[in-house]
Every structure is written in structure tokens, then in C-alpha cells.
Amino acid sequence: MKKFLHISDIHLGNQQYGLDERFNDFGLAFSNAVDFAIEQKVNFVLISGDLFDRTRVDPKTLIQAVDGLKELKGSGIKTIAIGGNHDKTRYQEGSSWLDFLAEEEYLYLLSPEFEEDGLHFSPWDGKFGAYIDLDGIRVYGLPWLGASAEMVLEEYPKLMSIQKKDAIKFTILMGHFGLDGQLPGVPGGLSAGLISKLESIVDYLALGHWHKPFEHDGWVFNPGSLECCGMDERDFQGGYYLVTINDKGNEKFTAKHIPSKRRLFHCIVFQVDGYKTPSDLLNHLSKQLVLEKSQLLICEKPPVVEVVLEGIMAFDRQQLDLEYIRTMIGDILKPVLYPRVVNNTQSTRFDVKTEKSLPRLELERHILKELIISDSRFSGHVDEWVAATLEVKELANTKSSSETIIQSLRKSVERIGWEE
């Protein structure tokens with residue numbers, strides 16, 4: 001019986017929101033996975049791409065990677081990796097930091113060879129290789145290839161089938177790509193039909209790239225990212241798979257998904273419709289934040305909180321102090337690591353419904369009335385503002401001077417009044 005740990009999308013070096021705490025969170029998530037692998041006495045660890053968050057790696061990030069990999073190596077655990085889209089070298093840059101780690105023998109970096117006459121597989125030779133054999137287990141690697149992945153993967157069944165398989169009892173393929181249907185609305189995944197061509201020769205397909213964990217047909221596994229990389233991922237329970245390869249019995253292997261410990265991301269959606277003044281809106285938002293606080297009391301670490309403002313404002317959007325709201329989030333929900341405010345509101349409603357049969361002048365008055373009534377600054381004197389607007393329009397049509405138009409507006413404001 002042998003065991004391995006399958007992880008992916010670690011994103012070391014991600015200093016999310018510019019915060020040192022988030023940089024440390026990503027490092028801690030990797031450290032926890034390493035500790036778990038050692039505790040479980042696994043034979044090897046798979047990293048299915050995106051060990052790093054970006055191509056250019058600073059010293060602190062490299063130290064996080066080396067420390068973890070060194071611990072695994074010191075415990076007799078081999079680390080096998082492929083390159084992800086975040087690890088990929090920039091144009092005309094020959095080597096990546098993954099190449100450096102492989103050169104220093106901290107990990108085995110797998111990839112097929114792309115030659116002029118096509119794709120080639122060769123076993124690991126100490127520096128390079130498309131696959132590596134570990135005591136009856138063969139592991140292949142397919143790094144991030146973007147749009148070329150489908151064409152290259154078409155070649156894999158044939159190339160894998162012609163490799164010598166002496167004493168190989170279990171085959172793993174690592175790939176950094178998504179699978180259609182697992183993230184609805186997200187393009188770029190490969191089809192299940194294409195993947196199915198590998199099923200007869202691959203026992204365990206170890207995916208990475210998409211941060212949401214998923215399984216497919218009992219042989220395709222994606223563990224998800226160890227840490228939350230954005231508010232849209234707040235419900236993803238990313239982590240790692242502990243896989244046991246069985247020597248006996250009907251099941252070739254068992255895979256158990258273990259969610260990683262991660263900082264809570266909490267989103268609050270607040271509808272702004274119906275509040276006539278900024279103070280009224282802020283008062284009700286404050287009450288909703290107080291109600292939300294109970295959900296955050298169980299956090300081990302201060303959460304990242306995002307408030308999304310949605311709907312139609314009855315006043316100018318610029319009258320709402322977003323920095324004040326950010327401070328209010330922190331004061332009410334404290335401790336909060338990072339309070340964000342996303343303003344998706346509109347100032348006025350423009351989808352005015354009208355009767356097409358109305359005469360032009362009456363239709364014009366109706367539209368103006370609907371627009372004005374939706375703004376609390378003008379809604380108390382709708383008819384007066386409609387008349388003032390039509391007067392300005394008439395002055396403009398008759399090519400009156402700008403001074404005359406401004407004077408007309410000034411008189412209207414003085415006559416009607418202005419509600420701040």
C-alpha cells in the first residue's frame with residue numbers, strides 16, 4: 001500500500017490587496033500541506049501547477065518554497081511537479097524558478113519534449129523527463145499549454161501506450177487545465193470526451209488550474225487552491241487529496257479530499273433602492289452590518305469582508321462616501337483584515353416605460369417626469385422641474401446664448417428650491 005498527496009494552485013508570493021498577512025497566509029497554507037504529508041507518511045507529493053503566483057519570484061517567496069520542499073525531502077518524500085500558467089516563463093526567458101528547484105533537486109519537474117518532428121516522451125534522467133517511475137507507480141506530467149493543450153493531449157494515449165511498462169501497476173497523469181462543465185460560464189476547459197480517451201491507460205488524472213475542487217467519473221481529481229484567491233472563490237473548499245493505492249481488493253485506490261484551513265472571505269450585498277438620502281442609506285447599512293457580525297464570531301483570523309452596493313440610488317452616487325463605509329465596516333465588524341466596498345449602483349433609472357401612442361410633446365414630458373421623480377433631490381417638485389427642463393431645451397433649440405440658459409436655470413433653482 002502506498003500513499004500520495006495531491007495539491008495544486010498554491011500561489012506562493014500572492015500578497016493579496018498588498019497585505020503582508022495575505023502573503024503569509026499563502027505560505028502557511030503550503031506549510032500546513034507539507035506538515036500533513038509528513039504526518040501521513042506519504043510516499044510522494046504531486047503539485048499540479050502554480051506553485052508560485054507569478055513568474056518573477058522574490059527572495060521571501062523562494063524561501064517559503066524551499067523550506068517546504070526541503071522538509072519533504074528530509075522526510076524521504078519526493079515532490080513531483082508540473083508548471084502552471086502562473087509559473088510559466090516570460091517570452092524569451094529560458095528557465096523558470098521551477099527549473100531552479102528541479103536543478104537543486106528539491107522536486108522533479110515533468111514535461112514532454114517538444115521537438116520539430118513532434119512530441120517525445122523520455123523517462124526522468126536526473127534533470128529532465130516526461131515521466132518518472134516510483135516503485136511500480138508511473139507519473140506523467142503535462143504543464144500549462146493554454147490553447148495548445150487539446151492538440152497535445154490528443155497525442156498522449158498513443159505515446160503513453162508505447163512506453164515500456166515493466167512492473168508498472170498504477171499510472172498517474174498530472175495536467176494543468178480545466179474540465180468543461182465544472183465551472184459554469186468559465187471558458188477554456190477541455191471536453192470530457194477528450195479526457196475519456198485517457199481513461200483506459202490512466203488510473204488517476206491529477207488536475208490543477210481551476211481553484212474549485214471537483215471530481216469526475218471516479219478517476220479525475222482537482223483539489224482546488226489552498227487559499228482563497230478572490231471573493232468569487234469564497235465558497236470553494238479547496239485543499240488536497242490524500243490518495244491510497246490499494247495492493248488488494250476491488251478498488252485500485254481511494255481518494256479523500258481534505259479542505260485546507262483558510263482565512264474567511266465574507267460578502268455582504270446591500271440593496272440601495274428606496275433610501276432617499278445618504279444618511280438614511282448609511283443608517284440601514286449599519287444595521288445590516290450589526291446583523292452580519294454574528295456570522296464572523298467563529299473566525300480564527302480576522303476575515304476579509306466585502307460590501308457590494310447594488311441597485312438604483314435616489315441621489316447622486318458621488319454623495320456617498322465610500323471611504324466612510326469602509327471605515328464603518330471595520331468599526332462594526334472588527335476585527336476585519338481588509339474591508340472592501342464595491343459600488344455597482346446607478347444614480348437614476350433610465351429604462352422608462354412609455355405608451356408609444358402618446359404625442360411627441362406629451363411623451364417627452366412623461367419621460368422627463370419619470371427620470372426626475374426617481375431622484376429625491378427633485379422629486380418634491382416634479383412638474384416645476386419638468387417645465388424648467390423644457391424651457392432650457394427651448395432656449396437651446398433657438399440658439400440662445402449660454403449666459404441666457406444659465407440665467408434661466410438660476411431663476412428656476414431660486415423659484416423651486418434645491419433639496420441637498
# chains A, B, ... in the order shown; residues from 1 in each chain; ligands from 1

call {"tool": "residues_around", "arguments": {"residues": "region 62-75 of chain A", "least_positions_apart": "2", "cutoff": "8 Å", "atoms": "only C-alpha atoms", "output": "CSV table (one decimal) with N, CA and C atoms, in the first residue's frame"}}
result
chain,number,residue,atom,x,y,z
A,12,LEU,N,2.3,30.7,-4.0
A,12,LEU,CA,3.2,31.4,-3.1
A,12,LEU,C,3.6,32.7,-3.7
A,27,GLY,N,1.8,31.3,2.3
A,27,GLY,CA,2.9,30.5,2.8
A,27,GLY,C,2.5,29.5,3.8
A,30,PHE,N,0.7,26.3,2.4
A,30,PHE,CA,1.7,25.4,1.9
A,30,PHE,C,2.4,24.6,3.0
A,31,SER,N,2.8,25.3,4.0
A,31,SER,CA,3.4,24.7,5.2
A,31,SER,C,2.5,23.7,5.8
A,34,VAL,N,2.4,20.6,3.7
A,34,VAL,CA,3.7,19.8,3.9
A,34,VAL,C,3.6,19.0,5.3
A,37,ALA,N,1.4,16.0,4.9
A,37,ALA,CA,2.1,14.9,4.1
A,37,ALA,C,3.0,14.1,5.0
A,38,ILE,N,3.8,14.9,5.8
A,38,ILE,CA,4.8,14.2,6.6
A,38,ILE,C,4.1,13.4,7.7
A,57,VAL,N,9.9,35.7,-9.0
A,57,VAL,CA,9.8,35.3,-7.6
A,57,VAL,C,10.8,36.1,-6.7
A,58,ASP,N,10.3,36.7,-5.6
A,58,ASP,CA,11.2,37.4,-4.8
A,58,ASP,C,11.8,36.5,-3.7
A,59,PRO,N,12.9,36.9,-3.0
A,59,PRO,CA,13.6,36.0,-2.1
A,59,PRO,C,12.7,35.4,-1.0
A,60,LYS,N,11.8,36.2,-0.5
A,60,LYS,CA,10.9,35.7,0.6
A,60,LYS,C,10.0,34.6,0.1
A,77,ILE,N,10.3,12.1,1.3
A,77,ILE,CA,9.1,12.3,0.5
A,77,ILE,C,9.5,13.0,-0.8
A,78,LYS,N,9.3,12.4,-1.9
A,78,LYS,CA,9.6,13.0,-3.2
A,78,LYS,C,8.5,14.0,-3.6
A,79,THR,N,8.9,15.1,-4.3
A,79,THR,CA,7.9,16.1,-4.8
A,79,THR,C,8.0,16.1,-6.3
A,101,LEU,N,14.4,24.9,-8.9
A,101,LEU,CA,14.2,24.0,-7.8
A,101,LEU,C,14.4,22.5,-8.3
A,106,TYR,N,15.1,19.7,-5.4
A,106,TYR,CA,14.0,19.8,-4.5
A,106,TYR,C,12.7,19.2,-5.0
A,107,LEU,N,12.6,19.1,-6.3
A,107,LEU,CA,11.5,18.5,-6.9
A,107,LEU,C,11.8,17.9,-8.3

call {"tool": "residues_around", "arguments": {"residues": "region 214-224 of chain A", "least_positions_apart": "6", "cutoff": "6 Å", "atoms": "only C-alpha atoms", "output": "PDB file with N, CA and C atoms, in the first residue's frame"}}
result
ATOM      1  N   TYR A 204      -5.281   7.652 -12.423  1.00  0.00           N
ATOM      2  CA  TYR A 204      -5.586   8.855 -11.634  1.00  0.00           C
ATOM      3  C   TYR A 204      -5.116  10.067 -12.427  1.00  0.00           C
ATOM      4  N   LEU A 205      -6.067  10.925 -12.822  1.00  0.00           N
ATOM      5  CA  LEU A 205      -5.740  12.166 -13.518  1.00  0.00           C
ATOM      6  C   LEU A 205      -5.715  13.292 -12.483  1.00  0.00           C
ATOM      7  N   ALA A 206      -4.526  13.827 -12.233  1.00  0.00           N
ATOM      8  CA  ALA A 206      -4.317  14.835 -11.178  1.00  0.00           C
ATOM      9  C   ALA A 206      -4.293  16.226 -11.797  1.00  0.00           C
ATOM     10  N   LEU A 207      -5.425  16.922 -11.695  1.00  0.00           N
ATOM     11  CA  LEU A 207      -5.549  18.228 -12.328  1.00  0.00           C
ATOM     12  C   LEU A 207      -5.208  19.374 -11.376  1.00  0.00           C
ATOM     13  N   GLY A 208      -4.936  20.496 -12.003  1.00  0.00           N
ATOM     14  CA  GLY A 208      -4.793  21.778 -11.321  1.00  0.00           C
ATOM     15  C   GLY A 208      -5.304  22.853 -12.254  1.00  0.00           C
ATOM     16  N   GLY A 238     -11.231  24.545  -1.222  1.00  0.00           N
ATOM     17  CA  GLY A 238     -10.007  23.981  -1.766  1.00  0.00           C
ATOM     18  C   GLY A 238      -9.179  23.290  -0.699  1.00  0.00           C
ATOM     19  N   GLY A 239      -8.303  22.400  -1.137  1.00  0.00           N
ATOM     20  CA  GLY A 239      -7.475  21.672  -0.180  1.00  0.00           C
ATOM     21  C   GLY A 239      -6.570  20.699  -0.886  1.00  0.00           C
ATOM     22  N   TYR A 240      -6.551  19.451  -0.443  1.00  0.00           N
ATOM     23  CA  TYR A 240      -5.693  18.445  -1.057  1.00  0.00           C
ATOM     24  C   TYR A 240      -6.331  17.067  -0.966  1.00  0.00           C
TER      25      TYR A 240
END

call {"tool": "closest_residue", "arguments": {"among": "A:Tyr131, A:Tyr275, A:Trp144, A:Phe121", "to": "Lys158 (chain A)", "atoms": "only C-alpha atoms"}}
result
A:Phe121

call {"tool": "atom_distance", "arguments": {"atom1": "CA of Leu337 (chain A)", "atom2": "CA of Ala29 (chain A)"}}
result
17.3 Å

call {"tool": "residues_around", "arguments": {"residues": "Leu183 (chain A)", "least_positions_apart": "4", "cutoff": "9 Å", "atoms": "only C-alpha atoms", "output": "PyMOL selection string"}}
result
chain A and resi 178-179+187+189+210+212

call {"tool": "write_last_selection", "arguments": {"atoms": "N, CA and C atoms", "output": "PDB file, in the first residue's frame"}}
result
ATOM      1  N   GLY A 178      -8.464  22.994 -17.090  1.00  0.00           N
ATOM      2  CA  GLY A 178      -9.800  22.811 -16.548  1.00  0.00           C
ATOM      3  C   GLY A 178     -10.578  21.752 -17.307  1.00  0.00           C
ATOM      4  N   LEU A 179     -11.752  21.452 -16.803  1.00  0.00           N
ATOM      5  CA  LEU A 179     -12.635  20.456 -17.417  1.00  0.00           C
ATOM      6  C   LEU A 179     -13.997  21.073 -17.647  1.00  0.00           C
ATOM      7  N   PRO A 187     -14.812  29.728 -19.656  1.00  0.00           N
ATOM      8  CA  PRO A 187     -14.328  29.032 -20.858  1.00  0.00           C
ATOM      9  C   PRO A 187     -12.935  28.455 -20.642  1.00  0.00           C
ATOM     10  N   GLY A 189     -11.948  25.136 -20.594  1.00  0.00           N
ATOM     11  CA  GLY A 189     -11.797  23.767 -20.121  1.00  0.00           C
ATOM     12  C   GLY A 189     -11.781  22.783 -21.280  1.00  0.00           C
ATOM     13  N   TRP A 210      -7.998  25.221 -12.133  1.00  0.00           N
ATOM     14  CA  TRP A 210      -9.216  25.810 -11.602  1.00  0.00           C
ATOM     15  C   TRP A 210      -9.224  25.661 -10.092  1.00  0.00           C
ATOM     16  N   LYS A 212     -11.587  25.695  -7.912  1.00  0.00           N
ATOM     17  CA  LYS A 212     -12.701  24.972  -7.271  1.00  0.00           C
ATOM     18  C   LYS A 212     -12.407  23.467  -7.294  1.00  0.00           C
TER      19      LYS A 212
END

call {"tool": "residues_around", "arguments": {"residues": "Glu391 (chain A)", "least_positions_apart": "4", "cutoff": "9 Å", "atoms": "only C-alpha atoms", "output": "list in words"}}
result
Val386, Ala387, Leu395, Ala396, Ile405, Ser408 and Leu409 of chain A

call {"tool": "write_last_selection", "arguments": {"atoms": "C-alpha atoms", "output": "tab-separated table (two decimals), in the first residue's frame"}}
result
chain	number	residue	atom	x	y	z
A	386	VAL	CA	-40.17	69.33	-15.99
A	387	ALA	CA	-41.20	72.84	-17.03
A	395	LEU	CA	-33.63	78.09	-25.33
A	396	ALA	CA	-31.03	75.67	-26.69
A	405	ILE	CA	-29.53	79.50	-20.48
A	408	SER	CA	-32.88	80.66	-16.79
A	409	LEU	CA	-31.55	77.73	-14.73

call {"tool": "closest_residue", "arguments": {"among": "A:Leu109, A:Val341, A:Ile47, A:Ile80", "to": "Trp97 (chain A)", "atoms": "only C-alpha atoms"}}
result
A:Leu109

call {"tool": "atom_distance", "arguments": {"atom1": "CA of Lys256 (chain A)", "atom2": "CA of Ile298 (chain A)"}}
result
25.7 Å

call {"tool": "atom_distance", "arguments": {"atom1": "CA of Ile312 (chain A)", "atom2": "CA of Glu364 (chain A)"}}
result
22.2 Å

call {"tool": "closest_residue", "arguments": {"among": "A:Lys165, A:Phe253, A:His209, A:Asp25", "to": "Gly136 (chain A)", "atoms": "only C-alpha atoms"}}
result
A:Lys165
